[in-house]
Amino acid sequence: MRIKILLSLSIVIILVIIMGAAWAQDELLNKAQTLFKPIPETLPTLKDNPLTPEKIKLGKMLYFDPRLSASNLISCNTCHNLATGGVDLQETSIGHGWQKGPRNAPTVLNSVFNIAQFWDGRAKDLAEQAGGPMQASVEMDNTPERVVAVLKSMPQYVELFKKSFSNEKDPVTFNYTTKAIEAFEATLLTPNSRFDQFLKGNTSALNAKEKEGLKLFMDKGCTTCHNGIDIGGGMFQKFGLVKSPDPAIRPPEDKGRFKVTNSAGDEFVFKVPTLRNIELTRPYFHSGKVWTLQETVRIMASVQLGIPVTDDEVDKITAFLRTLTGEQPKIEYPILPPDTDNTPRPILEILGKGSEKH
Ligand code: HEC
Ligand code: HEC
């Protein structure tokens, strides 16, 4: 008799434990679903720039064409390499004439979901952004006129512009070049990360340690800034909200958004970066001074939240961050039109004629 009671009692206890664990599991998923959204499997719609297969094809060719640079050596893909997470793996980018730029190259992957483009948000969308690097002397050191002359010298490009922007009589313009690149960039999505599988209800897509990391990421307050589809990309915040970071990591000369708005409150304010594919996009921060995810987590906890974190917590949060790597876009390398006798020849010296906008 007594054994029977003990037996049923322990069954009840085991059931309660299992139900408790399931409830905690559900609670973790429910909370995550209120803060984040999976990367969609379908293409987004762009304002004033309908996506068509022709335009995307043209944009892809332009993205990979080094002839958009004065030197014929540098394409968008040089610094946003789609084989390496859409970045160049440099502290700060190297451009025309081996000049070193001032900031780390952010990834182009999922960048269509950003509130604005660049670390300081000075371009409102991807088309406006794309005009910057072609003209920046430390990047591609070209001018809009020369870009158009290069493209017009190749009949295959003229044909593709006509197909992509069919209502226009003279579609080969700098503006449409940036629109086509924007259309291609909008396809650079990385859906189906293990975290997204979890968000869609497959709770076994993350292991126990990664789930603890997710819980810490939400409970500690990382999600005040890193949330939404891109787990970032949605707002501007001061780098050093509660405590100034080491000047080696936040160099005093780069005041971030202050340069765009001239408002004192924007000193050292930067766009909160996406954490999607973060394990692929070393080194970190706009200065590119930090090479390990563990260190970024420690710095964030200290300067953004003002809280201590243990090594074990850092380890778990880092494990969670590594689940944000999605399926990378499958890219077939485009074959580009041949030059003609009319194509301007490469220029290797540093002209610096373009604007310094980028
Ligand atoms: C020499 C390296 C280099 C080249 C070439 C280059 N970029 Fe960039 N890109 C950068 C750097 C560095 C930044 C960040 C600059 C800043 O925020 O001030 C950036 C920023 C961006 C961003 C903003 C992402 C974000 O999250 O804010 C996009 C999108 C982008 N580039 C696309 C392009 C395209 C398209 C091209 C070709 C037309 C291109 N880049 C050429 C280095 C480069
Ligand atoms: C108050 C807003 C805020 C909070 C809270 C916050 N971050 Fe950040 N995070 C930022 C900003 C802004 C940057 C960009 C800093 C820079 O380079 O200028 C950043 C950068 C990062 C980066 C580097 C990304 C890259 O591509 O270089 C990582 C990783 C990161 N945060 C993780 C975390 C983690 C983990 C937490 C919680 C412990 C956290 N953040 C809390 C605003 C925040």
# chains A, B, ... in the order shown; residues from 1 in each chain; ligands from 1
call {"tool": "residues_around", "arguments": {"residues": "range 123-129 of chain A", "least_positions_apart": "3", "cutoff": "6 Å", "atoms": "only C-alpha atoms", "output": "VMD selection string"}}
result
chain A and resid 116 to 117 132 178 to 179 182
call {"tool": "residues_near_ligand", "arguments": {"ligand": "ligand 1", "cutoff": "8 Å", "atoms": "only C-alpha atoms and all ligand atoms", "output": "MDAnalysis selection string"}}
result
chainID A and resid 62:63 68:69 74:80 88 92:96 101:108 111:112 114 116:121 126 129:134 138:140 178 181:182 185 233 271 273:274 286 358
call {"tool": "write_last_selection", "arguments": {"atoms": "N, CA and C atoms", "output": "compact mmCIF listing (two decimals), in the first residue's frame"}}
result
# COMPACT_ATOMS: atom_id res chain seq x y z
N LEU A 62 26.70 44.73 -61.43
CA LEU A 62 27.32 45.98 -60.99
C LEU A 62 28.04 45.79 -59.65
N TYR A 63 27.41 45.01 -58.77
CA TYR A 63 27.99 44.76 -57.45
C TYR A 63 29.37 44.10 -57.57
N LEU A 68 33.54 49.79 -61.80
CA LEU A 68 32.88 50.94 -61.17
C LEU A 68 33.88 51.74 -60.34
N SER A 69 35.08 51.18 -60.14
CA SER A 69 36.13 51.92 -59.42
C SER A 69 37.10 52.51 -60.44
N ILE A 74 38.60 47.46 -57.68
CA ILE A 74 37.80 47.39 -56.46
C ILE A 74 36.31 47.36 -56.79
N SER A 75 35.63 46.32 -56.36
CA SER A 75 34.17 46.27 -56.53
C SER A 75 33.53 46.34 -55.14
N CYS A 76 32.21 46.43 -55.13
CA CYS A 76 31.52 46.37 -53.83
C CYS A 76 31.94 45.10 -53.10
N ASN A 77 32.09 44.01 -53.88
CA ASN A 77 32.41 42.72 -53.28
C ASN A 77 33.82 42.66 -52.68
N THR A 78 34.69 43.62 -53.04
CA THR A 78 36.03 43.64 -52.43
C THR A 78 35.91 43.84 -50.92
N CYS A 79 35.06 44.78 -50.54
CA CYS A 79 34.92 45.09 -49.11
C CYS A 79 33.72 44.40 -48.47
N HIS A 80 32.77 44.00 -49.31
CA HIS A 80 31.58 43.30 -48.78
C HIS A 80 31.53 41.94 -49.48
N ASP A 88 34.94 42.52 -45.15
CA ASP A 88 36.31 42.36 -45.66
C ASP A 88 37.29 41.81 -44.63
N THR A 92 39.69 48.35 -40.45
CA THR A 92 38.97 49.34 -41.26
C THR A 92 39.36 49.06 -42.71
N SER A 93 38.47 49.46 -43.64
CA SER A 93 38.62 49.01 -45.03
C SER A 93 39.83 49.62 -45.73
N ILE A 94 40.39 48.85 -46.67
CA ILE A 94 41.46 49.32 -47.54
C ILE A 94 40.84 49.58 -48.92
N GLY A 95 41.03 50.80 -49.45
CA GLY A 95 40.44 51.12 -50.74
C GLY A 95 41.47 51.58 -51.75
N HIS A 96 41.04 52.49 -52.64
CA HIS A 96 41.86 52.96 -53.76
C HIS A 96 43.27 53.37 -53.30
N GLY A 101 40.61 53.36 -44.82
CA GLY A 101 39.45 54.16 -44.44
C GLY A 101 39.32 54.26 -42.92
N PRO A 102 38.38 55.09 -42.46
CA PRO A 102 38.26 55.33 -41.02
C PRO A 102 37.42 54.32 -40.25
N ARG A 103 36.60 53.52 -40.96
CA ARG A 103 35.68 52.65 -40.21
C ARG A 103 35.68 51.22 -40.73
N ASN A 104 35.19 50.35 -39.89
CA ASN A 104 35.01 48.93 -40.21
C ASN A 104 33.82 48.78 -41.18
N ALA A 105 33.95 47.89 -42.15
CA ALA A 105 32.86 47.67 -43.12
C ALA A 105 31.76 46.81 -42.49
N PRO A 106 30.54 47.35 -42.40
CA PRO A 106 29.44 46.53 -41.89
C PRO A 106 29.00 45.54 -42.97
N THR A 107 28.29 44.50 -42.58
CA THR A 107 27.85 43.52 -43.58
C THR A 107 26.72 44.08 -44.44
N VAL A 108 26.67 43.62 -45.71
CA VAL A 108 25.53 43.97 -46.57
C VAL A 108 24.38 42.97 -46.37
N SER A 111 20.93 43.94 -44.83
CA SER A 111 21.02 45.38 -44.57
C SER A 111 19.77 46.13 -45.03
N VAL A 112 18.96 45.49 -45.87
CA VAL A 112 17.73 46.13 -46.34
C VAL A 112 16.79 46.43 -45.17
N ASN A 114 17.74 47.61 -42.24
CA ASN A 114 18.26 48.68 -41.38
C ASN A 114 17.40 49.93 -41.44
N ALA A 116 18.48 52.90 -41.39
CA ALA A 116 19.21 53.79 -42.31
C ALA A 116 20.56 53.10 -42.52
N GLN A 117 21.36 53.63 -43.48
CA GLN A 117 22.62 52.95 -43.79
C GLN A 117 23.83 53.75 -43.29
N PHE A 118 24.92 53.05 -43.10
CA PHE A 118 26.19 53.52 -42.53
C PHE A 118 26.13 53.47 -41.00
N TRP A 119 27.30 53.47 -40.38
CA TRP A 119 27.38 53.43 -38.91
C TRP A 119 26.66 54.62 -38.29
N ASP A 120 26.70 55.77 -39.02
CA ASP A 120 26.04 56.96 -38.47
C ASP A 120 24.70 57.24 -39.14
N GLY A 121 24.23 56.32 -39.99
CA GLY A 121 22.89 56.45 -40.59
C GLY A 121 22.76 57.59 -41.57
N LEU A 126 19.42 51.95 -49.25
CA LEU A 126 20.56 51.29 -49.91
C LEU A 126 20.94 51.98 -51.22
N GLN A 129 22.91 54.97 -50.30
CA GLN A 129 24.19 54.47 -49.78
C GLN A 129 25.14 54.12 -50.92
N ALA A 130 24.64 53.40 -51.94
CA ALA A 130 25.51 52.84 -52.97
C ALA A 130 26.26 53.92 -53.76
N GLY A 131 25.71 55.14 -53.79
CA GLY A 131 26.39 56.23 -54.47
C GLY A 131 27.66 56.66 -53.74
N GLY A 132 27.70 56.43 -52.43
CA GLY A 132 28.83 56.88 -51.62
C GLY A 132 30.17 56.24 -51.99
N PRO A 133 30.28 54.92 -51.91
CA PRO A 133 31.58 54.28 -52.11
C PRO A 133 32.18 54.49 -53.50
N MET A 134 31.33 54.60 -54.53
CA MET A 134 31.90 54.80 -55.87
C MET A 134 32.66 56.12 -55.91
N VAL A 138 38.79 57.27 -50.65
CA VAL A 138 39.46 56.14 -49.99
C VAL A 138 38.82 54.80 -50.34
N GLU A 139 37.78 54.82 -51.17
CA GLU A 139 37.16 53.55 -51.55
C GLU A 139 37.35 53.27 -53.04
N MET A 140 36.45 53.78 -53.89
CA MET A 140 36.58 53.46 -55.32
C MET A 140 37.07 54.65 -56.15
N THR A 178 22.64 53.01 -58.92
CA THR A 178 22.46 52.75 -57.49
C THR A 178 21.15 52.01 -57.21
N ILE A 181 21.75 48.33 -57.95
CA ILE A 181 22.54 47.71 -56.88
C ILE A 181 21.66 47.49 -55.65
N GLU A 182 20.83 48.47 -55.34
CA GLU A 182 19.92 48.32 -54.20
C GLU A 182 19.03 47.09 -54.38
N GLU A 185 20.98 44.04 -53.60
CA GLU A 185 21.27 43.94 -52.16
C GLU A 185 20.05 43.47 -51.37
N GLY A 233 20.06 47.15 -35.86
CA GLY A 233 19.74 47.83 -37.11
C GLY A 233 18.52 48.75 -37.03
N LYS A 271 24.60 53.67 -35.21
CA LYS A 271 23.49 52.75 -35.44
C LYS A 271 23.78 51.47 -34.67
N PRO A 273 24.25 47.94 -34.48
CA PRO A 273 24.45 47.03 -35.61
C PRO A 273 23.63 45.75 -35.48
N THR A 274 23.35 45.14 -36.64
CA THR A 274 22.68 43.84 -36.62
C THR A 274 23.62 42.80 -36.00
N HIS A 286 32.62 49.84 -34.73
CA HIS A 286 32.90 50.69 -35.90
C HIS A 286 34.39 50.89 -36.08
N HIS A 358 31.34 59.26 -48.40
CA HIS A 358 31.20 57.89 -47.89
C HIS A 358 32.02 57.67 -46.64
call {"tool": "residues_near_ligand", "arguments": {"ligand": "ligand 2", "cutoff": "7 Å", "atoms": "only C-alpha atoms and all ligand atoms", "output": "number ranges by chain"}}
result
A: 106, 217, 220-226, 236-239, 241, 269-275, 278, 281, 283-287, 293, 296-298, 300-301, 304-305, 317
call {"tool": "atom_distance", "arguments": {"atom1": "CA of Leu89 in chain A", "atom2": "CA of Glu332 in chain A"}}
result
21.7 Å
call {"tool": "atom_distance", "arguments": {"atom1": "CA of Arg194 in chain A", "atom2": "CA of Phe320 in chain A"}}
result
9.7 Å
call {"tool": "select_by_dssp", "arguments": {"residues": "range 120-318 of chain A", "states": "strand (DSSP E)", "output": "list in words"}}
result
Phe236, Gln237, Lys238, Val269, Phe270 and Lys271 of chain A
call {"tool": "residues_around", "arguments": {"residues": "Phe174 in chain A", "least_positions_apart": "5", "cutoff": "8 Å", "atoms": "only C-alpha atoms", "output": "PyMOL selection string"}}
result
chain A and resi 131+144-145+147-148
call {"tool": "write_last_selection", "arguments": {"atoms": "C-alpha atoms", "output": "mmCIF file, in the first residue's frame"}}
result
data_model
loop_
_atom_site.group_PDB
_atom_site.id
_atom_site.type_symbol
_atom_site.label_atom_id
_atom_site.label_comp_id
_atom_site.auth_asym_id
_atom_site.auth_seq_id
_atom_site.Cartn_x
_atom_site.Cartn_y
_atom_site.Cartn_z
ATOM 1 C CA GLY A 131 26.393 56.233 -54.475
ATOM 2 C CA PRO A 144 29.346 59.672 -61.352
ATOM 3 C CA GLU A 145 30.211 60.917 -64.869
ATOM 4 C CA VAL A 147 30.890 55.556 -63.944
ATOM 5 C CA VAL A 148 28.238 56.381 -66.555
#
call {"tool": "atom_distance", "arguments": {"atom1": "CA of Ser193 in chain A", "atom2": "CA of Tyr333 in chain A"}}
result
24.0 Å
call {"tool": "closest_residue", "arguments": {"among": "A:Pro50, A:Pro329, A:Gly240, A:Pro338", "to": "Thr190 in chain A", "atoms": "only C-alpha atoms"}}
result
A:Pro329
call {"tool": "closest_residue", "arguments": {"among": "A:Gln197, A:Ser71, A:Ser164, A:Ser153", "to": "Ile39 in chain A", "atoms": "only C-alpha atoms"}}
result
A:Gln197
call {"tool": "residues_around", "arguments": {"residues": "Glu313 in chain A", "least_positions_apart": "2", "cutoff": "10 Å", "atoms": "only C-alpha atoms", "output": "ChimeraX atom specification"}}
result
/A:209,212-213,216-217,294,297-298,308-311,315-319
call {"tool": "closest_residue", "arguments": {"among": "A:Gly86, A:Gly20, A:Gly201, A:Pro334", "to": "Leu189 in chain A", "atoms": "only C-alpha atoms"}}
result
A:Gly86
call {"tool": "closest_residue", "arguments": {"among": "A:Ala208, A:Leu160, A:Val314, A:Ile231", "to": "Met61 in chain A", "atoms": "only C-alpha atoms"}}
result
A:Leu160
